[in-house]
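Report on the following structure.
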Amino acid sequence: MKFLGLSRKDTRFLIIVILLTLATPILLQPFPEGSGLATFNAGYPDLMQRFAIFGIFAIGFNILFGLTGYLSFGHAAFLGVGSYTVVWMYKLLDYNVIWGLPLAVIFSGLFALLIGYVSLRRSGIYFSILTLAFAQMSYNLAYSVLTPITNGETGLQVYGNDAQVLLGANEPTSPHFFGIVMRENFWEPTFGGWSFTFNNGYYFTAVIAIIVFYISLRIFRSPFGLMLRAIKTNQTRLNYTGINARPYTLAAFVISGMYAGLAGGLMAAMDPLAGAERMQWTASGEVVLMTILGGAGTLMGPILGAGFIKYFENIFSKINDQVLHGWFAFLPDGLEDFLIGVSHFFVGKSWHLTLGLLFMLVVIFLPGGLVEGGQRIAGLFRKKKTTGGGGDPEHHPKETPHVAE
Amino acid sequence: MDAIILQILNGLDKGSAYALIALGLTLIFGTLGVVNFAHGALFMIGAFVAVTMQKLLGLSFEQIDESKTDFLGNPLKVEVPYVESWFGPDVGAALIDWSVPLAILFAIPVMLVIGFVMERGLIKHFYKRPHADQILVTFGLAIVLQELVKHFYGANPIQTPAPDAFIGSFDFGAMIGFDPNVIIYPYWRLVYFLFAALVIGAVFAFLQFTTFGMVVRAGMADRETVGLLGINIDRRFTIMFGIAAAVAGIAGVMYAPILSPNYHMGMDFLVLSFVVVVVGGMGSLPGAVAAGFLLGILQSFASMNEVKSLIPGIDQVIIYLVAIIILLTRPRGLMGRAGVMED
Amino acid sequence: MSKTNITRRGLMKTGAATGAGLALPTIFTSGAAAFTNEPTGSTVTLGFNVPQTGPYADEGIDELRAQQLAVEHLNGEGDGGMLNTFSSKVLDGTGILGKKVEYVTGDTQTKSDAARASAKSMIEKDGVVMINGGSSSGVAVAVQGLCQEAGIIFMAGLTHSNDTTGKDRKANGFRHFFNAYMSGAALAPVLKNAYGTDRRAYHLTADYTWGWTQQESIQASTEAIGWETVNNVMTPVGAGDFSSYIAPVLNSGADVLVLNHYGGDMINSLTQAVQFGLRDKQVNGKQFEIVVPLYSELMANGAGENIKGVYGSMNWNWQLQDEGTKAFVKSFGEKYGRPPSNSAQTCYAQTILYADAVTRAGSFEPCAVAAALEGFEFDGLGNGPTLYRAEDHQCFKDVLVMKGAENPTTEYDTLEIVEITPVDQVTYAPDHAMFGGAEASLGACNNGA
């Protein structure tokens with residue numbers, strides 16, 4: 001079974017990814033509505049869109065970092081450029097995302113070409129700091145001096161008096177793709193206590209995510225991907241063989257910048273606002289963390305990492321005293337208060353702490369990231385079932401641990 | 001001219017803060033080869049040692065003052081610090097007043113212990129791991145540390161004043177022949193600058209003139225060979241980590257009167273301190289110090305109205321701009337050694 | 001054109017058909033809920049979106065306290081607080097329209113993106129009909145825009161920029177808090193009395209939209225009393241060390257320093273200006289003075305001794321002596337052991353005002369609620385007689401001019417009320433140039449689904 005130039009194993013892998021992506025609205029809604037655990041449901045449009053978007057961002061980042069080992073600390077700049085481009089297209093033309101998204105990819109690609117060309121003259125930590133410096137400059141300027149272009153702190157948005165020259169009389173007034181409005185849901189079934197939301201925007205990003213995941217799969221398996229791995233393993237040796245590595249790394253840098261721009265564009269496609277803080281170093285750092293947390297250099301890792309971080313940010317921060325009382329109400333008062341007191345360290349306003357602890361636990365106990373955790377679980381199953389199946393180690397090539405050394 | 005002298009003074013002060021943080025960071029980052037994202041958190045903890053000192057000295061018992069009422073209309077409870085009732089109001093008040101300098105005495109052992117524990121308990125296991133893993137684990141640690149501080153001290157900045165004796169400023173301009181009020185400089189900033197110079201000097205002297213320092217420097221240059229000579233370099237690196245933490249910590253203590261400590265100040269300084277270290281050049285202590293002062297002074301110049309009106313927003317990007325220019329013209333920063341964190 | 005923004009709750013009620021395909025995105029437009037998140041059960045959910053991490057976390061926590069208190073009072077628990085003093089008497093402690101009030105909370109992180117993500121999750125996942133809270137103007141404008149698109153009501157928390165009800169005003173958004181223009185208008189007469197008309201001001205301004213609108217407002221109102229503006233210098237947000245901006249002030253010929261900073265920036269810039277000894281200096285034969293146009297209790301706490309004698313303005317303060325304030329301070333103080341901050345009061349008042357408007361309108365429908373709020377005149381919520389102006393959804397009420405207390409007895413009375421500026425003095429035309437001029441418009445109210 002060969003499919004789109006993929007090996008049999010890769011095809012099976014891709015199909016699993018496609019099925020998981022399409023079934024996300026069901027998979028993320030495991031608890032019935034109204035039950036105490038419904039707080040942990042994540043199957044609402046905004047969060048699912050974020051999973052897909054940050055998945056794209058991390059997949060792209062992984063092409064640079066996972067394959068070449070070049071650690072960029074400035075990828076959020078491309079995210080921001082993508083967002084600003086899309087919102088500007090809303091302002092100038094109309095709300096159809098078809099104009100903005102390709103341009104977002106192009107502009108962020110050009111911006112990445114510029115920054116990459118300069119930054120790749122250095123390697124290791126010097127490269128990281130150069131990218132960081134470019135991104136921080138972009139952020140600081142977007143936040144203040146460039147306000148006429150970026151609308152500064154408030155974030156770029158569409159106003160009633162914007163040109164919108166293509167806006168038709170019956171056209172939706174929020175982002176859409178030829179009439180398919182992103183924030184509308186096309187199906188909202190309820191089964192017993194369970195209810196599910198099938199959202200246009202999510203499936204739009206999901207389809208794009210699957211396409212770019214396929215592209216990244218092809219890159220990983222291509223001679224180009226092999227070359228990038230060679231750069232990571234030993235660039236000096238590569239140079240001795242007479243190969244100039246820089247065009248390859250620059251290509252990887254630009255590709256991952258385009259992924260970031262696409263992700264940024266999609267953020268604006270789901271929600272027509274582009275804020276400057278999207279370009280801040282914390283945002284760049286976030287994608288680095290996502291990739292490492294999930295497992296740098298693996299195909300699925302960055303996506304898992306992205307989902308992990310976004311889940312905590314959006315779900316754990318919402319657990320307040322009222323929710324806690326609901327959970328622990330059956331306990332005697334003293335114990336209830338004690339448990340709630342303990343929980344205060346980890347949820348609600350302290351959700352950061354939980355995230356920090358999990359970062360440490362994962363990296364200490366799962367050196368290969370979340371993917372390694374998945375492999376270990378799969379390994380347990382495999383021991384029981386001699387026939388095998390499940391995960392395939394070849395698809396998650398375990399990297400030599402020298403990522404950026 | 002006066003404006004330039006003024007900004008050089010301000011720059012020296014900013015620079016001494018940058019240099020102190022970068023010095024500790026480069027001991028860990030440039031020499032032990034560990035990307036320590038928790039370094040800013042160490043600086044923050046130092047500042048909170050000063051806050052804690054102030055709070056401890058200010059610990060009070062309540063006396064009910066029947067003549068006044070509080071916001072709910074009940075009799076007002078007046079707080080009387082224990083130290084004032086133990087040592088008398090004068091000595092007690094003086095102790096509270098001098099809480100920041102006193103905090104230095106406590107910060108050094110506290111930070112050394114934190115440094116040791118961090119290195120033995122966590123960092124040690126990451127020397128051989130990829131930098132990416134080091135980033136993740138130290139970033140996680142930094143978040144945990146700052147969230148714990150937030151849990152106990154809140155998110156609002158906490159005023160930690162310098163002793164009354166150092167409040168206010170002196171007229172530096174008048175001393176060197178300018179008009180009065182043209183060049184003024186706060187006493188505490190002068191103290192901070194002298195303090196930074198002292199600490200930097202002490203660290204250099206320690207590395208330069210002691211056997212311990214010699215071994216550490218040798219270990220930085222070639223860890224394996226030093227190990228082959230039968231020297232226990234690991235233990236010395238642990239101590240170096242402790243010293244680096246202590247330098248970051250006392251930098252934080254002394255900075256508390258200038259920048260009221262808050263729980264996320266470590267993250268605010270983190271990026272900047274990495275830029276300073278890398279601009280200085282990996283593995284070079286003098287480089288880190290020089291870069292700290294250079295960036296501090298340039299940032300001060302960029303904040304001048306004359307410069308800002310010429311290039312709007314320059315003060316917000318100057319550090320990064322200079323970093324880019326230096327890294328493009330000098331491949332290893334100001335004084336970097338070849339082969340450190342370059343691949 | 002049709003807007004369907006059906007959320008789960010809305011749909012569960014209608015029990016709408018299943019099996020629609022991708023090609024029929026708007027099939028549910030008809031027959032779905034009448035408006036976004038129409039509450040159909042025995043409860044109604046409000047969304048409290050406040051900063052819980054980041055620099056304004058403490059302010060957010062205080063807002064949350066007030067919001068929880070408001071919910072208690074609406075549900076008939078506790079002592080009823082300001083419901084007893086509120087001029088409108090339709091709220092009877094049985095929830096809103098007989099539905100018990102529930103709430104969800106979220107973390108804005110004081111970032112537009114995170115705030116919108118949190119607000120969206122409240123709308124999409126929890127089915128809220130109203131979002132309240134926040135501690136910065138950027139966030140307020142961003143969330144207000146979102147609520148407008150989604151078709152729910154936004155009751156802004158602490159937001160002081162002119163833009164929120166100026167060029168960024170929205171039909172579904174309402175602001176109780178005062179704004180930068182009002183600060184300027186209230187402060188100027190007091191400054192004139194205290195420092196005279198012959199003053200030269202030097203502005204340090206946080207380099208983002210709120211800072212700019214405040215600087216513009218203060219400059220305009222101080223120049224109207226005869227002051228001269230020597231310079232206005234933009235400072236990066238979160239600069240930390242302001243020394244290079246403060247040092248040139250003395251030599252500029254200015255004798256007043258205006259700090260258009262908020263939160264940690266203000267604490268640092270004021271502390272450092274005092275360290276530079278500015279307040280001990282004589283310039284032009286006058287005592288050098290510092291003004292901080294926007295105060296908050298937390299800033300006053302953080303700045304400690306340095307605020308003594310420094311003028312600023314506030315929306316409300318617990319030391320006011322009207323019946324509403326007394327009732328609120330008592331009920332808040334007994335529950336939490338501390339007096340409420342002015343952002344807490346705003347969030348409490350906004351929640352009560354929303355509940356009252358729903359009750360008077362007899363419906364949760366956003367457009368009906370908005371109509372009930374527009375032009376609404378009320379009293380007894382701590383600010384004296386107040387008008388929710390229909391043209392821009394801004395509350396008009398007295399503004400407090402504050403001064404750092406010389407001899408505070410506790411950590412809560414570090415500020416003292418100098419003057420209560422009457423509302424007439426701070427009122428402006430809805431099409432004022434600082435508020436987007438004639439172009440600014442609320443747009444049409446949006447019921448969503």
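Quick note on naming: the chains in the structure tokens go A, B, ... in the order shown, residues restart at 1 in each chain, and ligands are numbered from 1 in order of appearance.
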
Within 8 Å of chain C, which residues of chain A show up when using only C-alpha atoms, listed as a PyMOL selection string?
-> chain A and resi 44-47+143-144+152-155+170-172+174+180-181+183-190+195-197+200+273-275+277-278+314+317-320+348-350

Write out as a list in words each polymer residue whose atoms come within 7 Å of Val165 (chain A), counting only C-alpha atoms; drop sequence neighbours fewer than 4 positions from it.
-> Leu92, Leu93 and Asp94 of chain A

Would you list the contacts of Tyr139 (chain A) as a PyMOL selection string, taking every protein, DNA or RNA residue within 10 Å and counting only C-alpha atoms, but skipping same-chain residues closer than 6 positions in sequence?
-> (chain A and resi 76-77+80+133+146+152+275-281) or (chain B and resi 316-317)

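Among the candidate residues C:Ala188, C:Ile420, C:Ala224, C:Val233, the one lying nearest to chain B is C:Val233, with distances computed using only C-alpha atoms.
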
List every residue of chain C that has an atom at most 6 Å from any atom of chain B, giving for each one its closest atom pair and the distance in Å to one decimal, counting only C-alpha atoms, sorted by chain and then by ascending residue number, as JSON lines.
```
{"residue": "C:Pro55", "atom": "CA", "partner": "B:Ala155", "partner_atom": "CA", "distance": 5.9}
{"residue": "C:Ala57", "atom": "CA", "partner": "B:Ala155", "partner_atom": "CA", "distance": 5.7}
{"residue": "C:Asp58", "atom": "CA", "partner": "B:Ala155", "partner_atom": "CA", "distance": 5.5}
{"residue": "C:Ser244", "atom": "CA", "partner": "B:Ser300", "partner_atom": "CA", "distance": 5.5}
{"residue": "C:Asn251", "atom": "CA", "partner": "B:Val182", "partner_atom": "CA", "distance": 5.2}
{"residue": "C:Asn268", "atom": "CA", "partner": "B:Leu259", "partner_atom": "CA", "distance": 5.9}
{"residue": "C:Gln275", "atom": "CA", "partner": "B:Gly168", "partner_atom": "CA", "distance": 4.9}
{"residue": "C:Phe276", "atom": "CA", "partner": "B:Pro186", "partner_atom": "CA", "distance": 5.0}
{"residue": "C:Gly277", "atom": "CA", "partner": "B:Gly168", "partner_atom": "CA", "distance": 4.4}
{"residue": "C:Gly302", "atom": "CA", "partner": "B:Ile158", "partner_atom": "CA", "distance": 5.1}
{"residue": "C:Ala303", "atom": "CA", "partner": "B:Gln159", "partner_atom": "CA", "distance": 5.9}
{"residue": "C:Gly304", "atom": "CA", "partner": "B:Gln159", "partner_atom": "CA", "distance": 6.0}
```

Take the residues from that selection and put them in a file with N, CA and C atoms, as a PDB file, in the first residue's frame.
```
ATOM      1  N   PRO C  55       1.838  40.548  36.349  1.00  0.00           N
ATOM      2  CA  PRO C  55       2.028  41.660  37.295  1.00  0.00           C
ATOM      3  C   PRO C  55       0.759  42.136  37.994  1.00  0.00           C
ATOM      4  N   ALA C  57      -1.772  40.313  39.021  1.00  0.00           N
ATOM      5  CA  ALA C  57      -2.500  39.191  39.606  1.00  0.00           C
ATOM      6  C   ALA C  57      -3.218  39.581  40.896  1.00  0.00           C
ATOM      7  N   ASP C  58      -2.565  40.380  41.746  1.00  0.00           N
ATOM      8  CA  ASP C  58      -3.204  40.721  43.020  1.00  0.00           C
ATOM      9  C   ASP C  58      -4.461  41.548  42.794  1.00  0.00           C
ATOM     10  N   SER C 244      17.608  56.695  33.625  1.00  0.00           N
ATOM     11  CA  SER C 244      18.054  57.535  32.511  1.00  0.00           C
ATOM     12  C   SER C 244      16.950  58.451  32.009  1.00  0.00           C
ATOM     13  N   ASN C 251      17.183  69.203  35.152  1.00  0.00           N
ATOM     14  CA  ASN C 251      17.903  70.181  34.340  1.00  0.00           C
ATOM     15  C   ASN C 251      17.048  70.729  33.202  1.00  0.00           C
ATOM     16  N   ASN C 268       8.056  51.719  40.428  1.00  0.00           N
ATOM     17  CA  ASN C 268       9.488  51.891  40.207  1.00  0.00           C
ATOM     18  C   ASN C 268       9.850  53.322  39.840  1.00  0.00           C
ATOM     19  N   GLN C 275      14.251  58.672  45.008  1.00  0.00           N
ATOM     20  CA  GLN C 275      15.666  58.399  45.292  1.00  0.00           C
ATOM     21  C   GLN C 275      16.569  59.452  44.689  1.00  0.00           C
ATOM     22  N   PHE C 276      16.196  59.937  43.513  1.00  0.00           N
ATOM     23  CA  PHE C 276      16.989  60.983  42.882  1.00  0.00           C
ATOM     24  C   PHE C 276      16.849  62.310  43.630  1.00  0.00           C
ATOM     25  N   GLY C 277      15.995  62.304  44.638  1.00  0.00           N
ATOM     26  CA  GLY C 277      15.848  63.489  45.464  1.00  0.00           C
ATOM     27  C   GLY C 277      15.050  64.593  44.801  1.00  0.00           C
ATOM     28  N   GLY C 302       2.629  49.392  47.118  1.00  0.00           N
ATOM     29  CA  GLY C 302       3.945  49.074  46.587  1.00  0.00           C
ATOM     30  C   GLY C 302       4.895  50.245  46.672  1.00  0.00           C
ATOM     31  N   ALA C 303       4.374  51.460  46.554  1.00  0.00           N
ATOM     32  CA  ALA C 303       5.251  52.631  46.564  1.00  0.00           C
ATOM     33  C   ALA C 303       5.579  53.069  47.988  1.00  0.00           C
ATOM     34  N   GLY C 304       4.822  52.578  48.975  1.00  0.00           N
ATOM     35  CA  GLY C 304       5.152  52.834  50.374  1.00  0.00           C
ATOM     36  C   GLY C 304       5.233  54.316  50.706  1.00  0.00           C
TER      37      GLY C 304
END
```

Could you name the residues that touch Gly184 (chain C) at 10 Å or less, counting only C-alpha atoms, but leaving out those on the same chain fewer than 4 positions away, as a count of residues only?
-> 18

Mind checking which residues fall within 10 Å of Ile115 (chain A), counting only C-alpha atoms, ignoring those fewer than 3 positions away in the same chain, and posting them as number ranges by chain?
-> A: 74, 109-112, 118-120, 130-131, 134-135, 250, 253-254, 257

Given a cut-off of 7 Å, which residues of chain B touch chain A, counting only C-alpha atoms, written out as a PyMOL selection string?
-> chain B and resi 129-133+136-137+140-141+143-144+147+275+278+312-313+316-317+320+324+331+341-343

Selection file, C-alpha atoms, as a CSV table (one decimal), in the first residue's frame:
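Saved file result_18.csv follows:
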```
chain,number,residue,atom,x,y,z
B,129,ARG,CA,22.1,15.9,28.6
B,130,PRO,CA,21.4,18.1,25.6
B,131,HIS,CA,21.0,21.8,26.1
B,132,ALA,CA,17.4,21.5,25.2
B,133,ASP,CA,16.7,19.3,28.2
B,136,LEU,CA,13.3,22.6,29.9
B,137,VAL,CA,14.3,21.5,33.4
B,140,GLY,CA,10.4,24.5,34.9
B,141,LEU,CA,12.4,25.1,38.0
B,143,ILE,CA,8.5,28.7,37.1
B,144,VAL,CA,8.1,26.6,40.3
B,147,GLU,CA,5.1,30.7,41.7
B,275,VAL,CA,22.1,38.6,25.8
B,278,VAL,CA,26.6,36.0,24.8
B,312,PRO,CA,12.0,56.9,17.8
B,313,GLY,CA,11.9,53.8,19.9
B,316,GLN,CA,13.5,49.9,23.4
B,317,VAL,CA,15.7,48.0,20.9
B,320,TYR,CA,19.3,43.8,20.8
B,324,ILE,CA,23.3,41.8,16.6
B,331,PRO,CA,31.9,35.8,15.8
B,341,MET,CA,28.5,26.3,22.8
B,342,GLU,CA,29.2,26.9,19.2
B,343,ASP,CA,28.0,23.7,17.5
```

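Using only C-alpha atoms, the smallest distance between any of B:Gly92, B:Gly115, B:Gly292, B:Gly121 and Ala22 (chain B) comes from B:Gly292.
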
Strand (DSSP E) per DSSP on the backbone: members of region 138-320 of chain A, as a count of residues only | 13

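Between CA of Val249 (chain C) and CA of Glu289 (chain C) the separation is 11.6 Å.
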
Give me, as a Markdown table, each residue of region 55-83 of chain B that comes within 12 Å of region 97-107 of chain B, together with its shortest interatomic pair and the distance in Å at one decimal, counting only C-alpha atoms, with rows ordered by chain and rising residue number.
```
| residue | atom | partner | partner_atom | distance |
| --- | --- | --- | --- | --- |
| B:Lys55 | CA | B:Ser99 | CA | 8.9 |
| B:Leu56 | CA | B:Ser99 | CA | 9.2 |
| B:Leu57 | CA | B:Ser99 | CA | 7.3 |
| B:Gly58 | CA | B:Ser99 | CA | 9.3 |
| B:Val83 | CA | B:Asp97 | CA | 11.6 |
```

For the residues in that selection, give me C-alpha atoms as a PDB file, in the first residue's frame.
```pdb
ATOM      1  CA  LYS B  55       9.423  41.474  57.124  1.00  0.00           C
ATOM      2  CA  LEU B  56      11.168  39.457  59.828  1.00  0.00           C
ATOM      3  CA  LEU B  57      12.595  42.553  61.435  1.00  0.00           C
ATOM      4  CA  GLY B  58       9.216  44.173  61.109  1.00  0.00           C
ATOM      5  CA  VAL B  83      12.628  44.355  67.671  1.00  0.00           C
TER       6      VAL B  83
END
```

Near Gly375 (chain C), within 10 Å and counting only C-alpha atoms, which residues show up once chain neighbours fewer than 3 positions away are dropped, as a PyMOL selection string?
-> chain C and resi 370-372+378+386-391+393-395

Compile the contact shell of region 210-226 of chain A as a PyMOL selection string: residues with an atom at most 9 Å away, counting only C-alpha atoms, same-chain residues fewer than 2 positions apart removed.
-> chain A and resi 5-6+10+14+17-18+21+56+59-60+63+67-68+205-208+228-231+248+259+299

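Interatomic distance, CA of Met175 (chain B) to CA of Asn284 (chain C): 21.6 Å.
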
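Closest to Glu84 (chain B) among B:Val340, B:Glu66, B:Glu306, B:Leu59 is B:Leu59, based on only C-alpha atoms.
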
Which residue gives the smallest distance to Ala202 (chain B) among B:Ala47, B:Ile243, B:Met111, B:Val149, with only C-alpha atoms counted?
-> B:Ile243

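Using only C-alpha atoms, the smallest distance between any of A:Ala52, A:Val81, A:Met267, A:Leu20 and Tyr203 (chain A) comes from A:Ala52.
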
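Between CA of Cys367 (chain C) and CA of Gly166 (chain C) the interatomic distance comes to 20.2 Å.
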